[in-house]
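A.B. asks: Dropping in final.cif, with mmCIF, C-alpha atoms and all ligand atoms.
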data_input
loop_
_atom_site.label_atom_id
_atom_site.label_comp_id
_atom_site.auth_asym_id
_atom_site.auth_seq_id
_atom_site.Cartn_x
_atom_site.Cartn_y
_atom_site.Cartn_z
CA MET A 293 -133.15 -26.12 -19.88
CA THR A 294 -131.12 -23.25 -21.36
CA ASP A 295 -133.39 -23.32 -24.40
CA MET A 296 -136.30 -22.07 -22.32
CA LYS A 297 -137.47 -18.62 -23.31
CA PRO A 298 -136.11 -15.82 -21.12
CA ILE A 299 -138.03 -14.92 -18.00
CA GLN A 300 -139.49 -11.43 -18.33
CA VAL A 301 -138.93 -8.82 -15.69
CA GLY A 302 -140.69 -5.50 -15.14
CA LEU A 303 -138.80 -2.70 -13.41
CA LEU A 304 -140.57 -0.07 -11.30
CA GLY A 305 -138.32 2.96 -10.94
CA ILE A 306 -135.13 3.38 -12.95
CA GLY A 307 -132.93 5.62 -10.82
CA THR A 308 -129.35 4.84 -9.77
CA VAL A 309 -129.92 1.20 -8.76
CA GLY A 310 -132.42 0.54 -11.56
CA SER A 311 -130.11 1.71 -14.31
CA GLY A 312 -127.21 -0.17 -12.69
CA SER A 313 -129.32 -3.34 -12.65
CA PHE A 314 -130.33 -2.90 -16.30
CA GLN A 315 -126.72 -2.37 -17.38
CA VAL A 316 -125.18 -5.24 -15.38
CA LEU A 317 -127.92 -7.60 -16.54
CA GLN A 318 -127.15 -6.68 -20.15
CA ARG A 319 -123.39 -6.77 -19.76
CA ASN A 320 -123.31 -10.18 -18.05
CA GLN A 321 -126.36 -11.69 -19.71
CA GLU A 322 -124.56 -14.75 -21.03
CA GLU A 323 -122.98 -15.66 -17.67
CA ILE A 324 -126.29 -15.00 -15.93
CA ARG A 325 -128.20 -17.20 -18.40
CA ARG A 326 -125.74 -20.05 -17.81
CA ARG A 327 -126.20 -19.69 -14.06
CA ALA A 328 -129.97 -19.23 -14.00
CA GLY A 329 -130.73 -21.92 -16.56
CA ARG A 330 -132.54 -19.44 -18.80
CA GLY A 331 -132.21 -15.85 -19.86
CA ILE A 332 -133.43 -13.01 -17.66
CA GLU A 333 -134.61 -9.87 -19.47
CA ILE A 334 -135.99 -6.57 -18.27
CA THR A 335 -138.63 -6.08 -20.95
CA MET A 336 -140.74 -3.33 -19.36
CA VAL A 337 -139.83 -0.29 -17.28
CA ALA A 338 -142.11 2.14 -15.46
CA ASP A 339 -140.82 5.54 -14.43
CA LEU A 340 -142.46 8.93 -14.06
CA ASP A 341 -139.59 10.36 -16.15
CA SER A 342 -140.21 8.15 -19.17
CA ALA A 343 -137.88 10.18 -21.43
CA ARG A 344 -134.96 9.52 -19.08
CA ALA A 345 -135.98 5.87 -18.77
CA ARG A 346 -136.07 5.54 -22.56
CA HIS A 347 -132.61 7.06 -22.80
CA ILE A 348 -131.24 4.44 -20.35
CA VAL A 349 -132.90 1.33 -21.78
CA GLY A 350 -132.94 2.08 -25.50
CA PRO A 351 -135.65 1.22 -28.05
CA GLN A 352 -136.07 -2.52 -27.31
CA VAL A 353 -137.69 -2.15 -23.90
CA GLN A 354 -141.27 -1.04 -23.33
CA VAL A 355 -141.29 2.17 -21.25
CA VAL A 356 -144.40 3.38 -19.44
CA SER A 357 -145.12 6.00 -16.82
CA ASP A 358 -147.79 3.91 -15.08
CA ALA A 359 -146.34 1.18 -12.83
CA ARG A 360 -149.69 -0.61 -12.81
CA ALA A 361 -149.31 -1.31 -16.53
CA VAL A 362 -146.27 -3.44 -15.65
CA ILE A 363 -148.18 -5.33 -12.96
CA ALA A 364 -151.06 -5.91 -15.37
CA ASN A 365 -148.80 -7.36 -18.08
CA PRO A 366 -149.30 -11.17 -18.11
CA GLN A 367 -145.89 -11.69 -19.76
CA ILE A 368 -144.08 -10.32 -16.73
CA ASP A 369 -143.15 -12.93 -14.08
CA ILE A 370 -140.95 -10.81 -11.78
CA VAL A 371 -141.42 -7.20 -10.70
CA ILE A 372 -138.42 -5.27 -9.36
CA GLU A 373 -139.53 -2.49 -7.03
CA LEU A 374 -136.95 0.30 -6.79
CA ILE A 375 -139.24 3.22 -6.00
CA GLY A 376 -138.52 3.25 -2.27
CA GLY A 377 -140.51 4.42 0.73
CA CYS A 378 -143.73 3.09 2.17
CA GLY A 379 -146.31 4.98 0.14
CA VAL A 380 -146.97 3.99 -3.46
CA ALA A 381 -144.24 1.32 -3.25
CA LYS A 382 -146.23 -0.61 -0.63
CA ALA A 383 -149.41 -0.52 -2.70
CA LEU A 384 -147.55 -1.63 -5.84
CA VAL A 385 -145.72 -4.49 -4.10
CA LEU A 386 -149.00 -5.81 -2.67
CA GLU A 387 -150.69 -5.44 -6.06
CA ALA A 388 -147.84 -7.25 -7.80
CA ILE A 389 -148.13 -10.11 -5.29
CA ALA A 390 -151.89 -10.23 -5.75
CA ALA A 391 -151.32 -10.46 -9.51
CA GLY A 392 -149.08 -13.51 -8.90
CA LYS A 393 -145.77 -11.79 -9.65
CA HIS A 394 -142.57 -12.51 -7.74
CA VAL A 395 -141.10 -9.33 -6.27
CA VAL A 396 -137.47 -8.27 -5.95
CA THR A 397 -136.97 -5.14 -3.88
CA ALA A 398 -134.25 -3.01 -2.30
CA ASN A 399 -136.79 -1.29 -0.08
CA LYS A 400 -135.58 -1.72 3.50
CA ALA A 401 -137.96 0.88 4.95
CA LEU A 402 -140.94 -0.95 3.46
CA LEU A 403 -139.92 -4.43 4.62
CA ALA A 404 -138.79 -3.30 8.08
CA GLN A 405 -142.17 -1.70 8.70
CA HIS A 406 -144.59 -3.82 6.67
CA GLY A 407 -142.59 -6.99 6.03
CA ASP A 408 -144.90 -9.26 8.01
CA GLU A 409 -147.91 -8.19 5.94
CA ILE A 410 -145.99 -8.41 2.66
CA PHE A 411 -144.44 -11.83 3.37
CA ALA A 412 -147.80 -13.21 4.53
CA ALA A 413 -149.45 -12.00 1.31
CA ALA A 414 -146.63 -13.52 -0.76
CA SER A 415 -146.81 -16.87 1.06
CA ALA A 416 -150.58 -17.01 0.59
CA LYS A 417 -150.15 -16.37 -3.12
CA GLY A 418 -147.17 -18.75 -3.50
CA VAL A 419 -144.80 -16.06 -4.80
CA MET A 420 -141.36 -14.97 -3.64
CA VAL A 421 -140.29 -11.61 -2.25
CA ALA A 422 -136.51 -11.31 -2.45
CA PHE A 423 -134.62 -8.47 -0.79
CA GLU A 424 -130.87 -9.03 -0.81
CA ALA A 425 -130.34 -5.44 -2.00
CA ALA A 426 -132.23 -4.05 1.00
CA VAL A 427 -129.38 -4.73 3.44
CA ALA A 428 -125.73 -3.76 2.96
CA GLY A 429 -125.97 -3.28 -0.82
CA GLY A 430 -123.70 -5.71 -2.61
CA ILE A 431 -122.79 -7.85 0.42
CA PRO A 432 -124.75 -11.12 0.21
CA ILE A 433 -125.61 -11.03 3.91
CA ILE A 434 -129.23 -12.13 3.51
CA LYS A 435 -128.07 -15.18 1.57
CA ALA A 436 -125.39 -15.90 4.17
CA LEU A 437 -127.83 -15.72 7.08
CA ARG A 438 -130.77 -17.49 5.42
CA GLU A 439 -128.75 -20.27 3.85
CA GLY A 440 -125.01 -20.37 4.51
CA LEU A 441 -125.33 -20.14 8.29
CA THR A 442 -128.55 -22.10 8.59
CA ALA A 443 -126.95 -24.76 10.82
CA ASN A 444 -126.18 -22.22 13.51
CA ARG A 445 -127.92 -20.82 16.51
CA ILE A 446 -127.04 -17.17 15.88
CA GLN A 447 -125.82 -15.37 19.03
CA TRP A 448 -125.37 -11.85 17.76
CA ILE A 449 -124.88 -9.63 14.73
CA ALA A 450 -123.04 -6.31 14.74
CA GLY A 451 -122.81 -4.32 11.55
CA ILE A 452 -121.74 -1.11 9.93
CA ILE A 453 -124.75 -0.99 7.65
CA ASN A 454 -124.99 2.66 6.70
CA GLY A 455 -122.28 3.92 4.38
CA THR A 456 -123.11 7.60 4.79
CA THR A 457 -122.50 7.65 8.53
CA ASN A 458 -119.40 5.50 8.25
CA PHE A 459 -118.05 7.89 5.63
CA ILE A 460 -118.81 10.86 7.90
CA LEU A 461 -117.14 9.27 10.94
CA SER A 462 -114.09 8.23 8.91
CA GLU A 463 -113.61 11.70 7.45
CA MET A 464 -114.16 13.40 10.81
CA ARG A 465 -111.50 11.18 12.39
CA ASP A 466 -108.93 11.22 9.56
CA LYS A 467 -109.20 14.80 8.36
CA GLY A 468 -110.57 16.55 11.41
CA LEU A 469 -113.48 17.84 9.29
CA ASP A 470 -116.78 19.06 10.67
CA PHE A 471 -119.89 16.95 10.52
CA ASP A 472 -121.80 19.28 8.13
CA VAL A 473 -118.98 19.49 5.60
CA VAL A 474 -118.66 15.72 5.40
CA LEU A 475 -122.42 15.16 5.16
CA LYS A 476 -122.55 17.41 2.07
CA GLU A 477 -119.74 15.40 0.50
CA ALA A 478 -121.54 12.11 1.22
CA GLN A 479 -124.67 13.51 -0.45
CA ARG A 480 -122.65 14.65 -3.44
CA LEU A 481 -121.18 11.15 -3.79
CA GLY A 482 -124.68 9.67 -3.84
CA TYR A 483 -124.46 7.57 -0.65
CA ALA A 484 -127.11 9.40 1.33
CA GLU A 485 -130.82 8.63 1.38
CA SER A 486 -133.09 11.19 -0.29
CA ASP A 487 -133.89 12.28 3.26
CA PRO A 488 -130.40 12.28 4.83
CA SER A 489 -131.88 12.40 8.33
CA PHE A 490 -132.60 8.67 7.79
CA ASP A 491 -128.83 8.14 7.56
CA ILE A 492 -127.50 10.41 10.30
CA GLU A 493 -130.29 9.63 12.78
CA GLY A 494 -129.69 5.88 12.43
CA VAL A 495 -133.09 5.10 10.89
CA ASP A 496 -131.71 3.54 7.69
CA ALA A 497 -129.39 1.30 9.71
CA ALA A 498 -132.31 0.33 11.96
CA HIS A 499 -134.43 -0.65 8.95
CA LYS A 500 -131.65 -2.98 7.80
CA LEU A 501 -130.92 -4.31 11.28
CA THR A 502 -134.60 -5.14 11.79
CA LEU A 503 -134.46 -7.42 8.76
CA LEU A 504 -131.19 -9.06 9.86
CA SER A 505 -132.60 -9.66 13.33
CA ALA A 506 -135.77 -11.29 12.02
CA ILE A 507 -133.76 -13.64 9.83
CA ALA A 508 -131.19 -14.42 12.49
CA PHE A 509 -133.60 -15.24 15.30
CA GLY A 510 -136.79 -16.25 13.50
CA ILE A 511 -138.85 -13.39 14.92
CA PRO A 512 -141.30 -11.06 13.15
CA VAL A 513 -139.94 -7.78 11.76
CA GLN A 514 -140.35 -5.18 14.51
CA PHE A 515 -138.82 -1.88 13.45
CA ASP A 516 -141.03 -0.05 15.95
CA ARG A 517 -139.26 -1.85 18.82
CA ALA A 518 -135.75 -0.91 17.70
CA TYR A 519 -133.69 1.57 19.73
CA VAL A 520 -132.34 4.17 17.31
CA GLU A 521 -129.68 6.79 18.01
CA GLY A 522 -127.67 8.53 15.28
CA ILE A 523 -124.35 10.33 15.10
CA THR A 524 -125.44 13.97 15.24
CA GLN A 525 -124.39 14.43 18.87
CA LEU A 526 -120.89 12.99 18.45
CA GLY A 527 -118.08 15.45 19.09
CA ALA A 528 -114.52 15.54 17.80
CA ALA A 529 -113.25 15.27 21.41
CA ASP A 530 -114.87 11.85 21.86
CA ILE A 531 -113.45 10.54 18.60
CA LYS A 532 -110.02 11.71 19.83
CA TYR A 533 -110.30 10.27 23.37
CA ALA A 534 -111.63 6.98 22.03
CA GLY A 535 -108.51 6.79 19.84
CA GLN A 536 -106.25 7.43 22.83
CA LEU A 537 -107.93 4.55 24.67
CA GLY A 538 -107.48 2.16 21.73
CA TYR A 539 -110.99 2.41 20.26
CA ARG A 540 -112.74 3.77 17.17
CA ILE A 541 -116.29 5.07 17.11
CA LYS A 542 -118.64 3.44 14.60
CA LEU A 543 -122.39 3.59 14.11
CA LEU A 544 -123.29 -0.04 14.76
CA GLY A 545 -126.48 -1.98 14.33
CA ILE A 546 -126.47 -4.66 17.03
CA THR A 547 -128.91 -7.47 17.55
CA LYS A 548 -128.13 -9.97 20.28
CA ARG A 549 -129.83 -12.95 21.84
CA GLN A 550 -130.28 -12.68 25.62
CA HIS A 551 -131.94 -15.29 27.84
CA ASN A 552 -135.15 -13.22 28.02
CA GLY A 553 -135.33 -11.67 24.56
CA VAL A 554 -133.52 -10.02 21.70
CA GLU A 555 -131.60 -6.75 21.74
CA LEU A 556 -132.26 -4.57 18.68
CA ARG A 557 -130.32 -1.34 18.74
CA VAL A 558 -128.53 1.19 16.54
CA HIS A 559 -126.20 3.72 18.14
CA PRO A 560 -122.64 5.05 18.01
CA CYS A 561 -120.32 2.56 19.62
CA LEU A 562 -116.69 2.29 20.70
CA VAL A 563 -115.08 -0.70 19.02
CA PRO A 564 -111.55 -1.89 19.88
CA ALA A 565 -109.13 -0.65 17.21
CA LYS A 566 -107.64 -4.15 17.05
CA ARG A 567 -110.86 -5.59 15.59
CA LEU A 568 -111.06 -5.86 11.79
CA ILE A 569 -114.42 -4.12 11.72
CA ALA A 570 -112.87 -1.01 13.31
CA HIS A 571 -110.89 -0.57 10.08
CA VAL A 572 -113.91 -0.46 7.80
CA GLU A 573 -113.59 3.05 6.42
CA GLY A 574 -115.45 5.41 4.13
CA ALA A 575 -118.77 4.29 2.71
CA MET A 576 -117.95 0.59 3.07
CA ASN A 577 -120.21 -1.73 5.03
CA ALA A 578 -119.35 -4.77 7.15
CA VAL A 579 -121.40 -7.25 9.13
CA LEU A 580 -120.10 -9.52 11.88
CA VAL A 581 -122.16 -12.60 12.65
CA GLN A 582 -121.54 -14.88 15.61
CA GLY A 583 -122.96 -18.38 15.30
CA ASP A 584 -122.55 -21.17 17.82
CA ALA A 585 -121.01 -23.61 15.34
CA VAL A 586 -119.14 -21.39 12.92
CA GLY A 587 -117.86 -18.81 15.43
CA THR A 588 -117.45 -15.27 14.15
CA THR A 589 -117.73 -14.51 10.44
CA LEU A 590 -117.26 -11.11 8.80
CA TYR A 591 -118.81 -9.87 5.55
CA TYR A 592 -117.38 -6.74 3.95
CA GLY A 593 -118.13 -4.74 0.83
CA LYS A 594 -119.90 -1.82 -0.77
CA GLY A 595 -123.20 -1.07 0.90
CA ALA A 596 -124.51 1.34 -1.70
CA GLY A 597 -124.03 2.50 -5.27
CA ALA A 598 -125.44 1.53 -8.65
CA GLU A 599 -123.56 -1.64 -9.54
CA PRO A 600 -122.91 -3.05 -6.04
CA THR A 601 -126.63 -2.85 -5.32
CA ALA A 602 -127.40 -4.15 -8.82
CA SER A 603 -125.26 -7.17 -7.95
CA ALA A 604 -127.70 -7.99 -5.14
CA VAL A 605 -130.82 -7.25 -7.23
CA ILE A 606 -129.64 -9.58 -9.98
CA ALA A 607 -128.65 -12.31 -7.53
CA ASP A 608 -132.27 -12.24 -6.40
CA LEU A 609 -133.49 -12.35 -10.00
CA VAL A 610 -131.38 -15.48 -10.58
CA ASP A 611 -132.65 -17.12 -7.37
CA VAL A 612 -136.26 -16.37 -8.26
CA THR A 613 -135.75 -17.60 -11.82
CA ARG A 614 -134.26 -20.89 -10.62
CA LEU A 615 -137.07 -21.44 -8.13
CA HIS A 616 -139.88 -20.06 -10.27
CA THR A 617 -141.20 -23.48 -11.17
CA ALA A 618 -140.35 -25.12 -7.81
CA ASP A 619 -143.04 -26.13 -5.35
CA PRO A 620 -143.40 -23.11 -2.98
CA GLN A 621 -142.95 -25.52 -0.04
CA HIS A 622 -139.42 -26.20 -1.21
CA ARG A 623 -138.30 -22.59 -1.39
CA VAL A 624 -136.20 -20.93 1.31
CA PRO A 625 -138.67 -19.13 3.62
CA HIS A 626 -138.68 -15.33 3.31
CA LEU A 627 -137.41 -14.83 6.85
CA ALA A 628 -135.29 -18.02 6.90
CA PHE A 629 -137.59 -19.78 9.39
CA GLN A 630 -140.87 -21.40 8.34
CA PRO A 631 -143.67 -18.81 8.76
CA ASP A 632 -145.52 -21.05 11.26
CA ALA A 633 -142.33 -21.52 13.29
CA LEU A 634 -141.56 -17.90 14.14
CA SER A 635 -140.63 -17.28 17.77
CA ASP A 636 -142.34 -14.83 20.11
CA LEU A 637 -139.03 -13.99 21.79
CA PRO A 638 -139.61 -10.32 22.71
CA VAL A 639 -137.47 -7.41 21.59
CA LEU A 640 -136.01 -6.12 24.88
CA PRO A 641 -136.44 -2.50 25.97
CA MET A 642 -133.18 -0.55 25.95
CA SER A 643 -133.11 -0.54 29.76
CA GLU A 644 -132.58 -4.35 29.65
CA VAL A 645 -129.64 -4.21 27.24
CA ILE A 646 -126.28 -5.39 28.58
CA THR A 647 -123.31 -3.39 27.32
CA SER A 648 -120.31 -1.39 28.50
CA TYR A 649 -119.82 2.37 28.39
CA TYR A 650 -117.56 5.30 27.62
CA LEU A 651 -118.41 8.27 29.84
CA ARG A 652 -116.93 11.74 29.46
CA LEU A 653 -117.49 14.22 32.27
CA ARG A 654 -116.35 17.83 32.31
CA VAL A 655 -115.72 18.30 36.04
CA ALA A 656 -114.32 20.90 38.40
CA ASP A 657 -110.65 20.14 38.94
CA GLN A 658 -110.86 19.71 42.72
CA ALA A 659 -109.82 17.13 45.28
CA GLY A 660 -112.28 14.29 45.75
CA VAL A 661 -114.28 14.72 42.53
CA LEU A 662 -113.03 11.53 40.91
CA ALA A 663 -113.79 9.65 44.13
CA GLN A 664 -117.37 10.96 44.12
CA VAL A 665 -117.88 9.89 40.51
CA THR A 666 -116.32 6.45 40.85
CA GLY A 667 -118.11 5.99 44.22
CA LEU A 668 -121.47 6.23 42.45
CA LEU A 669 -120.40 3.52 40.00
CA ALA A 670 -119.11 1.33 42.83
CA ASN A 671 -122.38 1.70 44.78
CA ALA A 672 -124.30 0.50 41.72
CA GLY A 673 -121.97 -2.48 41.28
CA ILE A 674 -120.64 -1.14 37.96
CA SER A 675 -117.03 -2.11 37.44
CA ILE A 676 -114.54 0.34 35.89
CA ASP A 677 -112.29 -0.82 33.07
CA ALA A 678 -110.15 2.31 32.55
CA VAL A 679 -109.96 5.96 33.57
CA LEU A 680 -108.33 8.80 31.67
CA GLN A 681 -107.98 12.37 32.87
CA ARG A 682 -107.02 15.25 30.63
CA GLN A 683 -105.63 18.51 31.98
CA ALA A 684 -107.47 21.77 31.41
CA ASP A 685 -104.97 23.09 28.86
CA GLU A 686 -105.33 19.86 26.86
CA VAL A 687 -109.13 20.02 26.77
CA GLY A 688 -109.34 23.74 26.13
CA GLY A 689 -111.34 24.37 29.30
CA ALA A 690 -111.05 27.43 31.51
CA ALA A 691 -107.43 27.27 32.67
CA ALA A 692 -106.97 24.92 35.60
CA ALA A 693 -110.67 25.16 36.57
CA SER A 694 -112.03 22.09 34.84
CA THR A 695 -110.89 18.85 33.37
CA ASP A 696 -112.28 15.99 31.28
CA VAL A 697 -112.58 12.64 33.03
CA ILE A 698 -113.16 9.68 30.75
CA ILE A 699 -114.29 6.39 32.24
CA LEU A 700 -114.66 3.05 30.51
CA THR A 701 -116.86 0.53 32.30
CA HIS A 702 -117.31 -3.20 32.08
CA ASP A 703 -120.65 -4.70 31.00
CA THR A 704 -123.70 -3.66 32.95
CA ARG A 705 -127.46 -3.26 32.46
CA GLU A 706 -128.45 -0.02 30.71
CA GLY A 707 -131.25 0.71 33.18
CA GLY A 708 -128.76 0.67 36.07
CA MET A 709 -126.34 2.88 34.16
CA ASN A 710 -129.11 5.42 33.45
CA ALA A 711 -129.80 5.72 37.19
CA VAL A 712 -126.10 6.29 37.96
CA LEU A 713 -125.80 8.85 35.16
CA ALA A 714 -128.66 10.85 36.69
CA GLN A 715 -126.84 10.83 40.05
CA MET A 716 -123.53 11.85 38.47
CA GLN A 717 -125.13 14.65 36.52
CA ALA A 718 -126.57 16.05 39.76
CA LEU A 719 -123.11 16.34 41.40
CA PRO A 720 -122.17 20.06 41.73
CA ALA A 721 -118.68 19.27 40.42
CA VAL A 722 -120.06 17.96 37.10
CA LEU A 723 -120.13 21.12 34.99
CA GLU A 724 -121.64 20.03 31.64
CA PRO A 725 -123.99 17.34 30.29
CA ILE A 726 -122.24 13.96 30.49
CA THR A 727 -121.41 12.23 27.22
CA ARG A 728 -122.29 8.54 27.23
CA ILE A 729 -121.34 6.27 24.33
CA ARG A 730 -121.83 2.53 24.43
CA LYS A 731 -118.89 0.19 23.91
CA GLU A 732 -118.76 -3.33 22.51
CA GLU A 733 -115.70 -5.54 22.64
CA LEU A 734 -117.08 -7.82 19.85
CA SER A 735 -114.95 -10.71 21.05
N1 LIG B 801 -128.06 5.60 2.46
C1 LIG B 801 -127.63 4.25 2.49
C2 LIG B 801 -126.21 4.22 3.06
C3 LIG B 801 -127.66 3.68 1.10
O1 LIG B 801 -125.63 5.28 3.26
O2 LIG B 801 -125.72 3.15 3.35
C4 LIG B 801 -127.76 2.20 1.04
O3 LIG B 801 -128.84 1.69 1.72
#
Give the structure from this file in C-alpha cells form.
C.D. replies:
Amino acid sequence: MTDMKPIQVGLLGIGTVGSGSFQVLQRNQEEIRRRAGRGIEITMVADLDSARARHIVGPQVQVVSDARAVIANPQIDIVIELIGGCGVAKALVLEAIAAGKHVVTANKALLAQHGDEIFAAASAKGVMVAFEAAVAGGIPIIKALREGLTANRIQWIAGIINGTTNFILSEMRDKGLDFDVVLKEAQRLGYAESDPSFDIEGVDAAHKLTLLSAIAFGIPVQFDRAYVEGITQLGAADIKYAGQLGYRIKLLGITKRQHNGVELRVHPCLVPAKRLIAHVEGAMNAVLVQGDAVGTTLYYGKGAGAEPTASAVIADLVDVTRLHTADPQHRVPHLAFQPDALSDLPVLPMSEVITSYYLRLRVADQAGVLAQVTGLLANAGISIDAVLQRQADEVGGAAAASTDVIILTHDTREGGMNAVLAQMQALPAVLEPITRIRKEELS
C-alpha cells in the first residue's frame, strides 16, 4: 500500500492558509504518508502572484497563474480551493468537480450559500468535497459531528466560531479598550476576513453555523434563513453589568432543535461566567454540542491562522486520499446524512426562537417606574430572573435624574418579547433606546 505513488494535489491560491498547508505537508510528510497509506504531494500551484508562489514552494512545484490549468491537469486528483468568496471560487470548484477532481476547501461563504448545488454536483460525479477548514479552523468539529457523534440525536450547538469578534470582546472587557482600536489590532494579527464587516456583523460566524446546522440536523444549507446580528452595537456598560450579574458576553452561533423547526442564529449573548465556554478568550474558538446520548461535549482550539487551518486542510487531504479508491456509496456523506434522507424541518423565524434576555433601560429615577416596566413583563407572562439598579452617579447619567435598570428574564418567545419591548420603549419614563441582549444558560 505505502509503495503506491503519491497522490497529486493542485492548490488554487497560496495565501496564508495555502502556504501553511504546503509547509506542514512538507514538514510532516513521512507521518502523513504512514497515516494516509501513500504520499500526498502538492505538485501544482495556481496564484495570480506567481513570483510569490514560486518563492514559497521552491523549484520542484509547477507554478501557474491560471487556475484552470490545474483543473485541466490529468495528473491531479485533488484540488484545494483557498481563493475564497463566491465569485471565481464557485466556478472553479464546479469545474474541478466536473473534471472528476476531489475538492478540499476552506470556503465557508461558498458552501453556506451554494453548498447544496456543490454537494449535488459532487455526488453526481462521485467525487468528495471536504471542508473541515471552513469551520473553526483547526478544531475538527466537522469530523466530530459527521462521524464521532453520529449515534446521537443532536439537540443544540452553541459556538464561538469567529476569532476576530472574540478577540475584540475579550480585549474590550479585559483592557477597557474601544471597539475600533481592538478591531485594528485583530486585523494586524491576521484574524480578520479581508472584509472585516463579515466578522463584526456576524456574517462569517453565520456561514460557519449554517454548515454546522446542516450536518447536525440533516437539513439543507440555508444561510439566507439565518438570523445575523454582530457586535457593533455592544457598549462597555453592558459588558460591565453582565460581569456584575455573573455573565460574560460572547458572539455565539446557536442552532437548536425545537418541536416545529430549527433555530439558526448568530448574535451577542450573555453566557454564565461559570461555564467553560465563557472563558474562551482572544482569537480562540470553541463549540459546544449537546447530543442525546453523549450529553454535552466541548471542542476548543485555534479557529484561524496558517498552520491551525492547514491542520484541517491536510486532515481532509488524508481522508480523501484514503477514500479515493473506495466505492462512493461507502464514503461519509458530505452533510453527514444521506442526500436522499435530508429533512425538511424548517429554519424558524427569529420571532419563534425561545431564549432569555438581558434588558438595560435608562429610566427616569421616579417612584413607580420599575413597577410599570415589570408590570408589562408580568402582563405578557414573561418571568423575571434578576433585577439590578444602578444609581445615577454610578452610570454617569444626569445627577439623580436617571438610572439604569437591568433586568434578566427567564426563557420566553422572541416574538412576545418584541411586543413588550415596544410597549416599554413607549413609556415616558424610558429615556433612551432599550438595550436587549439575548442570554443562554447552556446547561
Ligand atoms: N475571520 C475568521 C475569524 C477567520 O476571525 O475567525 C477564520 O475563519
A.B. asks: Which residues of stretch 400-476 of chain A have any atom within 12 Å of an atom in stretch 586-598 of chain A when counting all atoms listed in the file, and what is the closest pair of atoms for each, with the distance in Å to one decimal? Order the rows by chain and rising number and write it as JSON lines.
C.D. replies:
{"residue": "A:Glu424", "atom": "CA", "partner": "A:Gly595", "partner_atom": "CA", "distance": 11.2}
{"residue": "A:Ala425", "atom": "CA", "partner": "A:Gly595", "partner_atom": "CA", "distance": 8.9}
{"residue": "A:Ala426", "atom": "CA", "partner": "A:Gly595", "partner_atom": "CA", "distance": 9.5}
{"residue": "A:Val427", "atom": "CA", "partner": "A:Gly595", "partner_atom": "CA", "distance": 7.6}
{"residue": "A:Ala428", "atom": "CA", "partner": "A:Gly595", "partner_atom": "CA", "distance": 4.2}
{"residue": "A:Gly429", "atom": "CA", "partner": "A:Gly595", "partner_atom": "CA", "distance": 3.9}
{"residue": "A:Gly430", "atom": "CA", "partner": "A:Lys594", "partner_atom": "CA", "distance": 5.7}
{"residue": "A:Ile431", "atom": "CA", "partner": "A:Gly593", "partner_atom": "CA", "distance": 5.6}
{"residue": "A:Pro432", "atom": "CA", "partner": "A:Tyr591", "partner_atom": "CA", "distance": 8.1}
{"residue": "A:Ile433", "atom": "CA", "partner": "A:Tyr591", "partner_atom": "CA", "distance": 7.1}
{"residue": "A:Ile434", "atom": "CA", "partner": "A:Tyr591", "partner_atom": "CA", "distance": 10.9}
{"residue": "A:Lys435", "atom": "CA", "partner": "A:Tyr591", "partner_atom": "CA", "distance": 11.4}
{"residue": "A:Ala436", "atom": "CA", "partner": "A:Tyr591", "partner_atom": "CA", "distance": 9.0}
{"residue": "A:Leu437", "atom": "CA", "partner": "A:Thr589", "partner_atom": "CA", "distance": 10.7}
{"residue": "A:Gly440", "atom": "CA", "partner": "A:Val586", "partner_atom": "CA", "distance": 10.3}
{"residue": "A:Leu441", "atom": "CA", "partner": "A:Val586", "partner_atom": "CA", "distance": 7.8}
{"residue": "A:Thr442", "atom": "CA", "partner": "A:Val586", "partner_atom": "CA", "distance": 10.4}
{"residue": "A:Ala443", "atom": "CA", "partner": "A:Val586", "partner_atom": "CA", "distance": 8.8}
{"residue": "A:Asn444", "atom": "CA", "partner": "A:Val586", "partner_atom": "CA", "distance": 7.1}
{"residue": "A:Arg445", "atom": "CA", "partner": "A:Val586", "partner_atom": "CA", "distance": 9.5}
{"residue": "A:Ile446", "atom": "CA", "partner": "A:Gly587", "partner_atom": "CA", "distance": 9.3}
{"residue": "A:Gln447", "atom": "CA", "partner": "A:Gly587", "partner_atom": "CA", "distance": 9.4}
{"residue": "A:Trp448", "atom": "CA", "partner": "A:Thr588", "partner_atom": "CA", "distance": 9.4}
{"residue": "A:Ile449", "atom": "CA", "partner": "A:Thr588", "partner_atom": "CA", "distance": 9.3}
{"residue": "A:Ala450", "atom": "CA", "partner": "A:Leu590", "partner_atom": "CA", "distance": 9.6}
{"residue": "A:Gly451", "atom": "CA", "partner": "A:Tyr591", "partner_atom": "CA", "distance": 9.1}
{"residue": "A:Ile452", "atom": "CA", "partner": "A:Gly595", "partner_atom": "CA", "distance": 9.1}
{"residue": "A:Ile453", "atom": "CA", "partner": "A:Gly595", "partner_atom": "CA", "distance": 6.9}
{"residue": "A:Asn454", "atom": "CA", "partner": "A:Gly595", "partner_atom": "CA", "distance": 7.1}
{"residue": "A:Gly455", "atom": "CA", "partner": "A:Gly595", "partner_atom": "CA", "distance": 6.2}
{"residue": "A:Thr456", "atom": "CA", "partner": "A:Ala596", "partner_atom": "CA", "distance": 9.1}
{"residue": "A:Thr457", "atom": "CA", "partner": "A:Gly595", "partner_atom": "CA", "distance": 11.6}
{"residue": "A:Asn458", "atom": "CA", "partner": "A:Gly595", "partner_atom": "CA", "distance": 10.6}
{"residue": "A:Phe459", "atom": "CA", "partner": "A:Gly595", "partner_atom": "CA", "distance": 11.4}
A.B. asks: Could you list, as a CSV table (one decimal) with C-alpha atoms, keeping the file's coordinate frame, every residue within 9 Å of A:Glu573, counting all atoms listed in the file and ignoring same-chain residues fewer than 2 positions away?
C.D. replies:
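What landed in selection.csv:
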chain,number,residue,atom,x,y,z
A,455,GLY,CA,-122.3,3.9,4.4
A,458,ASN,CA,-119.4,5.5,8.2
A,459,PHE,CA,-118.0,7.9,5.6
A,461,LEU,CA,-117.1,9.3,10.9
A,462,SER,CA,-114.1,8.2,8.9
A,463,GLU,CA,-113.6,11.7,7.4
A,569,ILE,CA,-114.4,-4.1,11.7
A,570,ALA,CA,-112.9,-1.0,13.3
A,571,HIS,CA,-110.9,-0.6,10.1
A,575,ALA,CA,-118.8,4.3,2.7
A,576,MET,CA,-118.0,0.6,3.1
A,577,ASN,CA,-120.2,-1.7,5.0
A.B. asks: Any idea what's packed within 8 Å of A:Lys393, counting all atoms listed in the file, ignoring anything in its chain fewer than 3 positions away? Could you give it as a PyMOL selection string?
C.D. replies: chain A and resi 363+368-371+388-390+419
